[in-house]
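So this one's data_38.txt, compact mmCIF, N, CA and C atoms and all ligand atoms:
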# COMPACT_ATOMS: atom_id res chain seq x y z
N MET Y 105 5.31 -1.97 -21.88
CA MET Y 105 6.35 -2.13 -20.86
C MET Y 105 5.88 -1.53 -19.56
N GLN Y 106 5.85 -2.31 -18.50
CA GLN Y 106 5.33 -1.86 -17.23
C GLN Y 106 6.41 -1.89 -16.15
N ALA Y 107 7.64 -1.86 -16.55
CA ALA Y 107 8.72 -2.04 -15.57
C ALA Y 107 8.70 -0.95 -14.52
N SER Y 108 9.01 -1.32 -13.31
CA SER Y 108 9.13 -0.36 -12.22
C SER Y 108 10.42 -0.64 -11.48
N SER Y 109 11.14 0.40 -11.16
CA SER Y 109 12.41 0.21 -10.48
C SER Y 109 12.23 -0.36 -9.09
N ARG Y 110 10.99 -0.25 -8.55
CA ARG Y 110 10.77 -0.71 -7.18
C ARG Y 110 10.49 -2.20 -7.11
N ARG Y 111 10.10 -2.79 -8.23
CA ARG Y 111 9.66 -4.17 -8.20
C ARG Y 111 10.80 -5.10 -8.58
N THR Y 112 10.79 -6.28 -7.98
CA THR Y 112 11.74 -7.29 -8.39
C THR Y 112 11.06 -8.38 -9.20
N ALA Y 113 9.72 -8.47 -9.08
CA ALA Y 113 8.96 -9.45 -9.85
C ALA Y 113 8.22 -8.72 -10.97
N PRO Y 114 8.10 -9.34 -12.14
CA PRO Y 114 7.43 -8.68 -13.26
C PRO Y 114 5.92 -8.60 -13.02
N LEU Y 115 5.31 -7.53 -13.52
CA LEU Y 115 3.86 -7.42 -13.45
C LEU Y 115 3.24 -8.38 -14.46
N PRO Y 116 2.06 -8.90 -14.14
CA PRO Y 116 1.42 -9.82 -15.09
C PRO Y 116 0.99 -9.08 -16.35
N PRO Y 117 0.84 -9.77 -17.45
CA PRO Y 117 0.50 -9.12 -18.72
C PRO Y 117 -0.85 -8.41 -18.68
N HIS Y 118 -1.75 -8.89 -17.83
CA HIS Y 118 -3.09 -8.26 -17.76
C HIS Y 118 -3.16 -7.26 -16.61
N TRP Y 119 -2.02 -6.72 -16.20
CA TRP Y 119 -1.97 -5.84 -15.03
C TRP Y 119 -2.91 -4.64 -15.15
N ALA Y 120 -2.93 -3.99 -16.34
CA ALA Y 120 -3.75 -2.78 -16.49
C ALA Y 120 -5.22 -3.09 -16.19
N ARG Y 121 -5.70 -4.21 -16.70
CA ARG Y 121 -7.09 -4.59 -16.48
C ARG Y 121 -7.31 -4.99 -15.01
N LEU Y 122 -6.34 -5.74 -14.48
CA LEU Y 122 -6.43 -6.20 -13.09
C LEU Y 122 -6.44 -4.99 -12.14
N ARG Y 123 -5.56 -4.05 -12.42
CA ARG Y 123 -5.46 -2.85 -11.58
C ARG Y 123 -6.79 -2.10 -11.60
N ARG Y 124 -7.36 -1.94 -12.79
CA ARG Y 124 -8.63 -1.21 -12.90
C ARG Y 124 -9.71 -1.93 -12.10
N THR Y 125 -9.74 -3.25 -12.19
CA THR Y 125 -10.73 -4.04 -11.46
C THR Y 125 -10.60 -3.80 -9.95
N VAL Y 126 -9.37 -3.86 -9.48
CA VAL Y 126 -9.13 -3.70 -8.03
C VAL Y 126 -9.46 -2.27 -7.59
N MET Y 127 -9.04 -1.29 -8.40
CA MET Y 127 -9.27 0.11 -8.03
C MET Y 127 -10.77 0.41 -8.02
N ASN Y 128 -11.49 -0.15 -8.98
CA ASN Y 128 -12.95 0.04 -8.98
C ASN Y 128 -13.58 -0.64 -7.77
N ARG Y 129 -13.10 -1.85 -7.44
CA ARG Y 129 -13.62 -2.56 -6.27
C ARG Y 129 -13.46 -1.71 -5.01
N ASP Y 130 -12.30 -1.05 -4.93
CA ASP Y 130 -12.00 -0.24 -3.75
C ASP Y 130 -12.47 1.21 -3.91
N SER Y 131 -13.24 1.48 -4.98
CA SER Y 131 -13.80 2.82 -5.22
C SER Y 131 -12.72 3.90 -5.31
N TRP Y 132 -11.49 3.51 -5.71
CA TRP Y 132 -10.38 4.46 -5.87
C TRP Y 132 -10.14 5.22 -4.57
N ARG Y 133 -10.36 4.52 -3.46
CA ARG Y 133 -10.10 5.10 -2.13
C ARG Y 133 -9.05 4.26 -1.42
N CYS Y 134 -8.18 4.92 -0.69
CA CYS Y 134 -7.10 4.24 0.01
C CYS Y 134 -7.66 3.24 1.01
N GLN Y 135 -7.16 2.01 0.93
CA GLN Y 135 -7.63 0.93 1.79
C GLN Y 135 -6.73 0.71 3.00
N HIS Y 136 -5.80 1.62 3.21
CA HIS Y 136 -4.93 1.47 4.38
C HIS Y 136 -5.76 1.58 5.65
N VAL Y 137 -5.56 0.63 6.55
CA VAL Y 137 -6.29 0.64 7.82
C VAL Y 137 -5.41 1.28 8.89
N ARG Y 138 -5.97 2.27 9.54
CA ARG Y 138 -5.23 2.94 10.60
C ARG Y 138 -4.99 1.98 11.75
N TYR Y 139 -3.76 2.01 12.27
CA TYR Y 139 -3.43 1.09 13.34
C TYR Y 139 -4.17 1.47 14.63
N ASP Y 140 -4.41 2.78 14.80
CA ASP Y 140 -4.98 3.21 16.09
C ASP Y 140 -6.49 3.02 16.15
N THR Y 141 -7.19 3.33 15.08
CA THR Y 141 -8.66 3.28 15.14
C THR Y 141 -9.26 2.14 14.33
N GLY Y 142 -8.47 1.53 13.45
CA GLY Y 142 -9.00 0.48 12.60
C GLY Y 142 -9.84 1.00 11.44
N GLU Y 143 -9.86 2.33 11.25
CA GLU Y 143 -10.62 2.91 10.14
C GLU Y 143 -9.79 2.94 8.87
N LEU Y 144 -10.49 2.94 7.73
CA LEU Y 144 -9.80 3.08 6.47
C LEU Y 144 -9.32 4.52 6.31
N CYS Y 145 -8.19 4.66 5.61
CA CYS Y 145 -7.69 6.00 5.28
C CYS Y 145 -8.72 6.73 4.43
N GLY Y 146 -9.12 6.13 3.29
CA GLY Y 146 -10.20 6.70 2.48
C GLY Y 146 -9.82 7.85 1.59
N GLU Y 147 -8.55 8.23 1.58
CA GLU Y 147 -8.10 9.29 0.66
C GLU Y 147 -8.21 8.80 -0.78
N PRO Y 148 -8.38 9.71 -1.73
CA PRO Y 148 -8.36 9.29 -3.14
C PRO Y 148 -7.08 8.52 -3.45
N ALA Y 149 -7.23 7.36 -4.09
CA ALA Y 149 -6.09 6.48 -4.32
C ALA Y 149 -5.85 6.31 -5.82
N ARG Y 150 -4.58 6.23 -6.19
CA ARG Y 150 -4.28 5.93 -7.59
C ARG Y 150 -3.20 4.86 -7.72
N HIS Y 151 -2.88 4.22 -6.60
CA HIS Y 151 -1.89 3.15 -6.64
C HIS Y 151 -2.57 1.82 -6.34
N CYS Y 152 -2.16 0.78 -7.04
CA CYS Y 152 -2.65 -0.57 -6.78
C CYS Y 152 -1.51 -1.34 -6.12
N ASP Y 153 -1.71 -1.65 -4.85
CA ASP Y 153 -0.63 -2.18 -4.02
C ASP Y 153 -0.79 -3.67 -3.77
N HIS Y 154 0.32 -4.39 -3.75
CA HIS Y 154 0.31 -5.78 -3.29
C HIS Y 154 0.35 -5.80 -1.76
N VAL Y 155 -0.65 -6.39 -1.13
CA VAL Y 155 -0.67 -6.48 0.33
C VAL Y 155 0.56 -7.25 0.80
N VAL Y 156 0.74 -8.45 0.25
CA VAL Y 156 2.00 -9.18 0.42
C VAL Y 156 2.81 -8.92 -0.84
N PRO Y 157 3.97 -8.27 -0.71
CA PRO Y 157 4.74 -7.90 -1.89
C PRO Y 157 5.04 -9.11 -2.78
N ALA Y 158 5.01 -8.86 -4.09
CA ALA Y 158 5.34 -9.93 -5.03
C ALA Y 158 6.74 -10.47 -4.75
N SER Y 159 7.62 -9.58 -4.30
CA SER Y 159 9.00 -10.01 -4.01
C SER Y 159 9.06 -10.94 -2.80
N GLU Y 160 7.96 -10.99 -2.02
CA GLU Y 160 7.90 -11.90 -0.87
C GLU Y 160 6.93 -13.04 -1.12
N GLY Y 161 6.58 -13.24 -2.37
CA GLY Y 161 5.75 -14.38 -2.72
C GLY Y 161 4.26 -14.05 -2.81
N GLY Y 162 3.89 -12.78 -2.67
CA GLY Y 162 2.49 -12.39 -2.79
C GLY Y 162 2.00 -12.58 -4.21
N SER Y 163 0.74 -12.98 -4.33
CA SER Y 163 0.19 -13.25 -5.66
C SER Y 163 -0.34 -11.97 -6.28
N ASP Y 164 -0.68 -12.05 -7.58
CA ASP Y 164 -1.30 -10.94 -8.29
C ASP Y 164 -2.82 -11.07 -8.28
N ALA Y 165 -3.35 -11.94 -7.43
CA ALA Y 165 -4.81 -12.09 -7.34
C ALA Y 165 -5.41 -10.86 -6.67
N PRO Y 166 -6.65 -10.51 -7.06
CA PRO Y 166 -7.29 -9.33 -6.46
C PRO Y 166 -7.32 -9.38 -4.93
N ALA Y 167 -7.38 -10.59 -4.36
CA ALA Y 167 -7.41 -10.70 -2.90
C ALA Y 167 -6.13 -10.16 -2.27
N ASN Y 168 -5.06 -10.12 -3.03
CA ASN Y 168 -3.79 -9.62 -2.50
C ASN Y 168 -3.49 -8.20 -2.99
N LEU Y 169 -4.50 -7.56 -3.60
CA LEU Y 169 -4.29 -6.21 -4.13
C LEU Y 169 -5.26 -5.24 -3.48
N ARG Y 170 -4.82 -3.98 -3.36
CA ARG Y 170 -5.70 -2.97 -2.77
C ARG Y 170 -5.26 -1.60 -3.26
N ALA Y 171 -6.19 -0.66 -3.18
CA ALA Y 171 -5.90 0.72 -3.55
C ALA Y 171 -5.18 1.42 -2.41
N LEU Y 172 -4.18 2.23 -2.75
CA LEU Y 172 -3.51 3.05 -1.74
C LEU Y 172 -3.34 4.48 -2.26
N CYS Y 173 -3.39 5.44 -1.35
CA CYS Y 173 -3.13 6.84 -1.70
C CYS Y 173 -1.62 7.06 -1.82
N ASP Y 174 -1.24 8.23 -2.32
CA ASP Y 174 0.18 8.54 -2.49
C ASP Y 174 0.94 8.36 -1.18
N TRP Y 175 0.34 8.88 -0.12
CA TRP Y 175 1.00 8.83 1.20
C TRP Y 175 1.29 7.40 1.62
N HIS Y 176 0.26 6.56 1.55
CA HIS Y 176 0.45 5.22 2.09
C HIS Y 176 1.26 4.32 1.18
N VAL Y 177 1.24 4.57 -0.13
CA VAL Y 177 2.08 3.74 -1.00
C VAL Y 177 3.55 4.07 -0.72
N LEU Y 178 3.84 5.31 -0.38
CA LEU Y 178 5.22 5.66 -0.03
C LEU Y 178 5.62 4.97 1.27
N ARG Y 179 4.74 5.01 2.26
CA ARG Y 179 5.02 4.35 3.53
C ARG Y 179 5.19 2.85 3.33
N LYS Y 180 4.30 2.27 2.51
CA LYS Y 180 4.33 0.84 2.28
C LYS Y 180 5.62 0.43 1.57
N ASP Y 181 5.99 1.21 0.55
CA ASP Y 181 7.22 0.89 -0.17
C ASP Y 181 8.43 0.97 0.75
N ALA Y 182 8.45 1.96 1.61
CA ALA Y 182 9.56 2.10 2.54
C ALA Y 182 9.59 0.92 3.50
N ALA Y 183 8.42 0.51 3.96
CA ALA Y 183 8.34 -0.62 4.89
C ALA Y 183 8.78 -1.91 4.20
N ASP Y 184 8.30 -2.10 2.96
CA ASP Y 184 8.69 -3.30 2.22
C ASP Y 184 10.19 -3.35 2.01
N ALA Y 185 10.75 -2.21 1.62
CA ALA Y 185 12.18 -2.16 1.36
C ALA Y 185 12.97 -2.42 2.64
N GLY Y 186 12.50 -1.83 3.73
CA GLY Y 186 13.18 -2.03 4.99
C GLY Y 186 13.11 -3.47 5.44
N ARG Y 187 11.94 -4.10 5.24
CA ARG Y 187 11.78 -5.48 5.66
C ARG Y 187 12.65 -6.39 4.81
N ALA Y 188 12.73 -6.07 3.52
CA ALA Y 188 13.56 -6.88 2.64
C ALA Y 188 15.02 -6.80 3.06
N ARG Y 189 15.43 -5.61 3.50
CA ARG Y 189 16.82 -5.43 3.92
C ARG Y 189 17.09 -6.13 5.24
N ARG Y 190 16.20 -5.90 6.21
CA ARG Y 190 16.52 -6.29 7.58
C ARG Y 190 15.72 -7.48 8.07
N ARG Y 191 14.61 -7.80 7.35
CA ARG Y 191 13.75 -8.90 7.78
C ARG Y 191 13.23 -8.69 9.20
N VAL Y 192 12.92 -7.46 9.51
CA VAL Y 192 12.26 -7.17 10.78
C VAL Y 192 11.04 -6.30 10.49
N THR Y 193 10.07 -6.34 11.38
CA THR Y 193 8.85 -5.56 11.16
C THR Y 193 8.64 -4.54 12.27
N ALA Y 194 9.67 -4.34 13.07
CA ALA Y 194 9.50 -3.48 14.23
C ALA Y 194 9.02 -2.08 13.86
N ASP Y 195 9.45 -1.59 12.69
CA ASP Y 195 9.09 -0.21 12.38
C ASP Y 195 7.61 -0.05 12.06
N ARG Y 196 6.90 -1.16 11.87
CA ARG Y 196 5.45 -1.04 11.67
C ARG Y 196 4.74 -0.70 12.98
N TRP Y 197 5.40 -0.89 14.07
CA TRP Y 197 4.73 -0.77 15.36
C TRP Y 197 5.23 0.41 16.17
N GLN Y 198 5.71 1.41 15.45
CA GLN Y 198 6.12 2.63 16.14
C GLN Y 198 4.91 3.28 16.80
N PRO Y 199 5.13 3.94 17.92
CA PRO Y 199 4.03 4.69 18.54
C PRO Y 199 3.47 5.71 17.55
N ILE Y 200 2.18 5.96 17.65
CA ILE Y 200 1.51 6.88 16.73
C ILE Y 200 2.18 8.26 16.75
N ARG Y 201 2.61 8.70 17.92
CA ARG Y 201 3.15 10.06 18.01
C ARG Y 201 4.43 10.23 17.22
N ASN Y 202 5.08 9.16 16.84
CA ASN Y 202 6.30 9.28 16.06
C ASN Y 202 6.03 9.31 14.56
N ARG Y 203 4.78 9.13 14.19
CA ARG Y 203 4.45 9.14 12.77
C ARG Y 203 4.04 10.54 12.35
N ARG Y 204 4.35 10.88 11.10
CA ARG Y 204 3.85 12.14 10.55
C ARG Y 204 2.35 12.01 10.35
N THR Y 205 1.67 13.13 10.40
CA THR Y 205 0.22 13.12 10.29
C THR Y 205 -0.21 13.08 8.84
N HIS Y 206 -1.02 12.12 8.52
CA HIS Y 206 -1.60 12.01 7.19
C HIS Y 206 -2.75 12.99 7.09
N PRO Y 207 -2.89 13.69 5.94
CA PRO Y 207 -4.02 14.63 5.81
C PRO Y 207 -5.36 13.95 6.09
N GLY Y 208 -5.48 12.68 5.71
CA GLY Y 208 -6.74 11.99 5.90
C GLY Y 208 -6.93 11.49 7.31
N GLU Y 209 -5.93 11.65 8.14
CA GLU Y 209 -6.05 11.16 9.50
C GLU Y 209 -6.41 12.26 10.49
N VAL Y 210 -6.51 13.48 9.99
CA VAL Y 210 -6.94 14.59 10.84
C VAL Y 210 -8.45 14.71 10.70
N ARG Y 211 -9.14 14.28 11.70
CA ARG Y 211 -10.60 14.32 11.62
C ARG Y 211 -11.17 14.85 12.91
ZN ZN Q 301 -3.98 6.47 2.61

Taking this structure as input, can you express it in the form of structure tokens?
Amino acid sequence: MQASSRRTAPLPPHWARLRRTVMNRDSWRCQHVRYDTGELCGEPARHCDHVVPASEGGSDAPANLRALCDWHVLRKDAADAGRARRRVTADRWQPIRNRRTHPGEVR
């Protein structure tokens, strides 16, 4: 049983294997791209994220999956939930100074 309260679409039966494949591909490092510099976050990642959420029609193909760290999976989930509610993406484009600082973004 792989149910998650956050998902509206069921995970595929081979999810565990698929997740491992994607996480290995991404070297278990967060693939979130910083909006300001275009660099990868690179923090140790343990979440396998749908780039386009399954609830919005995103596929379970590796091309639509990526590794995310705890920080960014929380941000992503909040953004997905907000978009699902309001169907706007404005909050993705907040000025950098309004965002909390990610440990991996202090360099
Ligand atoms: Zn990250």

Using all atoms listed in the file, which residues of region 107-153 of chain Y come within 7 Å of region 159-181 of chain Y, and what is the closest atom pair for each, with the distance in Å to one decimal? Give it as JSON lines, sorted by chain and residue number.
{"residue": "Y:Arg111", "atom": "C", "partner": "Y:Ser159", "partner_atom": "CA", "distance": 6.9}
{"residue": "Y:Thr112", "atom": "N", "partner": "Y:Ser159", "partner_atom": "CA", "distance": 5.7}
{"residue": "Y:Ala113", "atom": "N", "partner": "Y:Ser159", "partner_atom": "N", "distance": 5.3}
{"residue": "Y:Val126", "atom": "C", "partner": "Y:Ala171", "partner_atom": "N", "distance": 5.7}
{"residue": "Y:Met127", "atom": "CA", "partner": "Y:Ala171", "partner_atom": "CA", "distance": 5.6}
{"residue": "Y:Asp130", "atom": "CA", "partner": "Y:Ala171", "partner_atom": "N", "distance": 5.9}
{"residue": "Y:Trp132", "atom": "C", "partner": "Y:Ala171", "partner_atom": "CA", "distance": 6.3}
{"residue": "Y:Arg133", "atom": "C", "partner": "Y:Ala171", "partner_atom": "C", "distance": 4.9}
{"residue": "Y:Cys134", "atom": "CA", "partner": "Y:Cys173", "partner_atom": "N", "distance": 4.1}
{"residue": "Y:Gln135", "atom": "N", "partner": "Y:Ala171", "partner_atom": "C", "distance": 3.9}
{"residue": "Y:His136", "atom": "N", "partner": "Y:Leu172", "partner_atom": "CA", "distance": 5.6}
{"residue": "Y:Glu147", "atom": "C", "partner": "Y:Cys173", "partner_atom": "CA", "distance": 5.5}
{"residue": "Y:Pro148", "atom": "C", "partner": "Y:Cys173", "partner_atom": "CA", "distance": 4.6}
{"residue": "Y:Ala149", "atom": "CA", "partner": "Y:Cys173", "partner_atom": "CA", "distance": 4.0}
{"residue": "Y:Arg150", "atom": "N", "partner": "Y:Leu172", "partner_atom": "C", "distance": 4.5}
{"residue": "Y:His151", "atom": "C", "partner": "Y:Leu172", "partner_atom": "N", "distance": 4.0}
{"residue": "Y:Cys152", "atom": "CA", "partner": "Y:Arg170", "partner_atom": "C", "distance": 4.5}
{"residue": "Y:Asp153", "atom": "N", "partner": "Y:Arg170", "partner_atom": "C", "distance": 3.9}

Checklist entry - Nearest to ligand ZN 301 (chain Q): which of Y:Leu144, Y:Val155, Y:Tyr139, Y:Pro116 is it, counting all atoms listed in the file? => result Y:Leu144

Checklist entry - Please, which residues of region 129-189 of chain Y, numbered as in this document, come out helix (DSSP H, G or I) from DSSP, as a PyMOL selection string? => result chain Y and resi 129+158-160+166-168+174-189

Next on the checklist: Please compute the atom C of Asp184 (chain Y)-CA of Val156 (chain Y) distance, one decimal, in Å.
Outcome noted: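 Rounded to one decimal, the two atoms are 10.2 Å apart.
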
Next on the checklist: Please compute the atom N of Ala188 (chain Y)-atom C of Pro157 (chain Y) distance, one decimal, in Å.
Outcome noted: 10.4 Å

Checklist entry - Looking at Y:Asp140, Y:Arg124, Y:Ala182, Y:Gly146, which one is nearest to ligand ZN 301 (chain Q), with distances taken over all atoms listed in the file? => result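 Ranked by minimum distance to ligand ZN 301 (chain Q), first place goes to Y:Gly146.
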
Checklist entry - What gap, in Å, lies between CA of Cys145 (chain Y) and CA of Ser131 (chain Y)? => result 12.6 Å

Determine the axis-aligned bounding box of all atoms of region 161-168 of chain Y present in the file, pad each side by 3 Å, and express its centre and edge lengths in Å to one decimal place as AutoDock Vina command-line options.
--center_x -0.4 --center_y -11.3 --center_z -5.3 --size_x 20.0 --size_y 12.2 --size_z 12.0

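Ranking Y:Ala158, Y:Arg138, Y:Leu115, Y:Gly186 by their shortest atom-to-atom distance to ligand ZN 301 (chain Q), with only C-alpha atoms and all ligand atoms included, puts Y:Arg138 first.
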
Checklist entry - Using only N, CA and C atoms and all ligand atoms, which of the listed residues (Y:Pro114, Y:Val137, Y:Arg129, Y:Arg121) sits closest to ligand ZN 301 (chain Q)? => result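 Using only N, CA and C atoms and all ligand atoms, the shortest distance to ligand ZN 301 (chain Q) belongs to Y:Val137.
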
What would region 111-132 of chain Y look like with N, CA, C and O atoms in place, written as a compact mmCIF listing (two decimals), in the frame of the given file?
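So rebuild_4.txt came out as:
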# COMPACT_ATOMS: atom_id res chain seq x y z
N ARG Y 111 10.10 -2.79 -8.23
CA ARG Y 111 9.66 -4.17 -8.20
C ARG Y 111 10.80 -5.10 -8.58
O ARG Y 111 11.61 -4.78 -9.42
N THR Y 112 10.79 -6.28 -7.98
CA THR Y 112 11.74 -7.29 -8.39
C THR Y 112 11.06 -8.38 -9.20
O THR Y 112 11.71 -9.13 -9.90
N ALA Y 113 9.72 -8.47 -9.08
CA ALA Y 113 8.96 -9.45 -9.85
C ALA Y 113 8.22 -8.72 -10.97
O ALA Y 113 7.75 -7.61 -10.78
N PRO Y 114 8.10 -9.34 -12.14
CA PRO Y 114 7.43 -8.68 -13.26
C PRO Y 114 5.92 -8.60 -13.02
O PRO Y 114 5.34 -9.46 -12.37
N LEU Y 115 5.31 -7.53 -13.52
CA LEU Y 115 3.86 -7.42 -13.45
C LEU Y 115 3.24 -8.38 -14.46
O LEU Y 115 3.83 -8.64 -15.51
N PRO Y 116 2.06 -8.90 -14.14
CA PRO Y 116 1.42 -9.82 -15.09
C PRO Y 116 0.99 -9.08 -16.35
O PRO Y 116 0.77 -7.86 -16.30
N PRO Y 117 0.84 -9.77 -17.45
CA PRO Y 117 0.50 -9.12 -18.72
C PRO Y 117 -0.85 -8.41 -18.68
O PRO Y 117 -1.05 -7.43 -19.39
N HIS Y 118 -1.75 -8.89 -17.83
CA HIS Y 118 -3.09 -8.26 -17.76
C HIS Y 118 -3.16 -7.26 -16.61
O HIS Y 118 -4.22 -6.97 -16.10
N TRP Y 119 -2.02 -6.72 -16.20
CA TRP Y 119 -1.97 -5.84 -15.03
C TRP Y 119 -2.91 -4.64 -15.15
O TRP Y 119 -3.60 -4.29 -14.20
N ALA Y 120 -2.93 -3.99 -16.34
CA ALA Y 120 -3.75 -2.78 -16.49
C ALA Y 120 -5.22 -3.09 -16.19
O ALA Y 120 -5.88 -2.33 -15.48
N ARG Y 121 -5.70 -4.21 -16.70
CA ARG Y 121 -7.09 -4.59 -16.48
C ARG Y 121 -7.31 -4.99 -15.01
O ARG Y 121 -8.28 -4.61 -14.38
N LEU Y 122 -6.34 -5.74 -14.48
CA LEU Y 122 -6.43 -6.20 -13.09
C LEU Y 122 -6.44 -4.99 -12.14
O LEU Y 122 -7.25 -4.90 -11.21
N ARG Y 123 -5.56 -4.05 -12.42
CA ARG Y 123 -5.46 -2.85 -11.58
C ARG Y 123 -6.79 -2.10 -11.60
O ARG Y 123 -7.30 -1.68 -10.55
N ARG Y 124 -7.36 -1.94 -12.79
CA ARG Y 124 -8.63 -1.21 -12.90
C ARG Y 124 -9.71 -1.93 -12.10
O ARG Y 124 -10.52 -1.31 -11.42
N THR Y 125 -9.74 -3.25 -12.19
CA THR Y 125 -10.73 -4.04 -11.46
C THR Y 125 -10.60 -3.80 -9.95
O THR Y 125 -11.59 -3.56 -9.25
N VAL Y 126 -9.37 -3.86 -9.48
CA VAL Y 126 -9.13 -3.70 -8.03
C VAL Y 126 -9.46 -2.27 -7.59
O VAL Y 126 -10.10 -2.05 -6.56
N MET Y 127 -9.04 -1.29 -8.40
CA MET Y 127 -9.27 0.11 -8.03
C MET Y 127 -10.77 0.41 -8.02
O MET Y 127 -11.26 1.12 -7.13
N ASN Y 128 -11.49 -0.15 -8.98
CA ASN Y 128 -12.95 0.04 -8.98
C ASN Y 128 -13.58 -0.64 -7.77
O ASN Y 128 -14.49 -0.08 -7.14
N ARG Y 129 -13.10 -1.85 -7.44
CA ARG Y 129 -13.62 -2.56 -6.27
C ARG Y 129 -13.46 -1.71 -5.01
O ARG Y 129 -14.34 -1.64 -4.16
N ASP Y 130 -12.30 -1.05 -4.93
CA ASP Y 130 -12.00 -0.24 -3.75
C ASP Y 130 -12.47 1.21 -3.91
O ASP Y 130 -12.12 2.07 -3.10
N SER Y 131 -13.24 1.48 -4.98
CA SER Y 131 -13.80 2.82 -5.22
C SER Y 131 -12.72 3.90 -5.31
O SER Y 131 -12.98 5.06 -5.00
N TRP Y 132 -11.49 3.51 -5.71
CA TRP Y 132 -10.38 4.46 -5.87
C TRP Y 132 -10.14 5.22 -4.57
O TRP Y 132 -9.80 6.40 -4.57
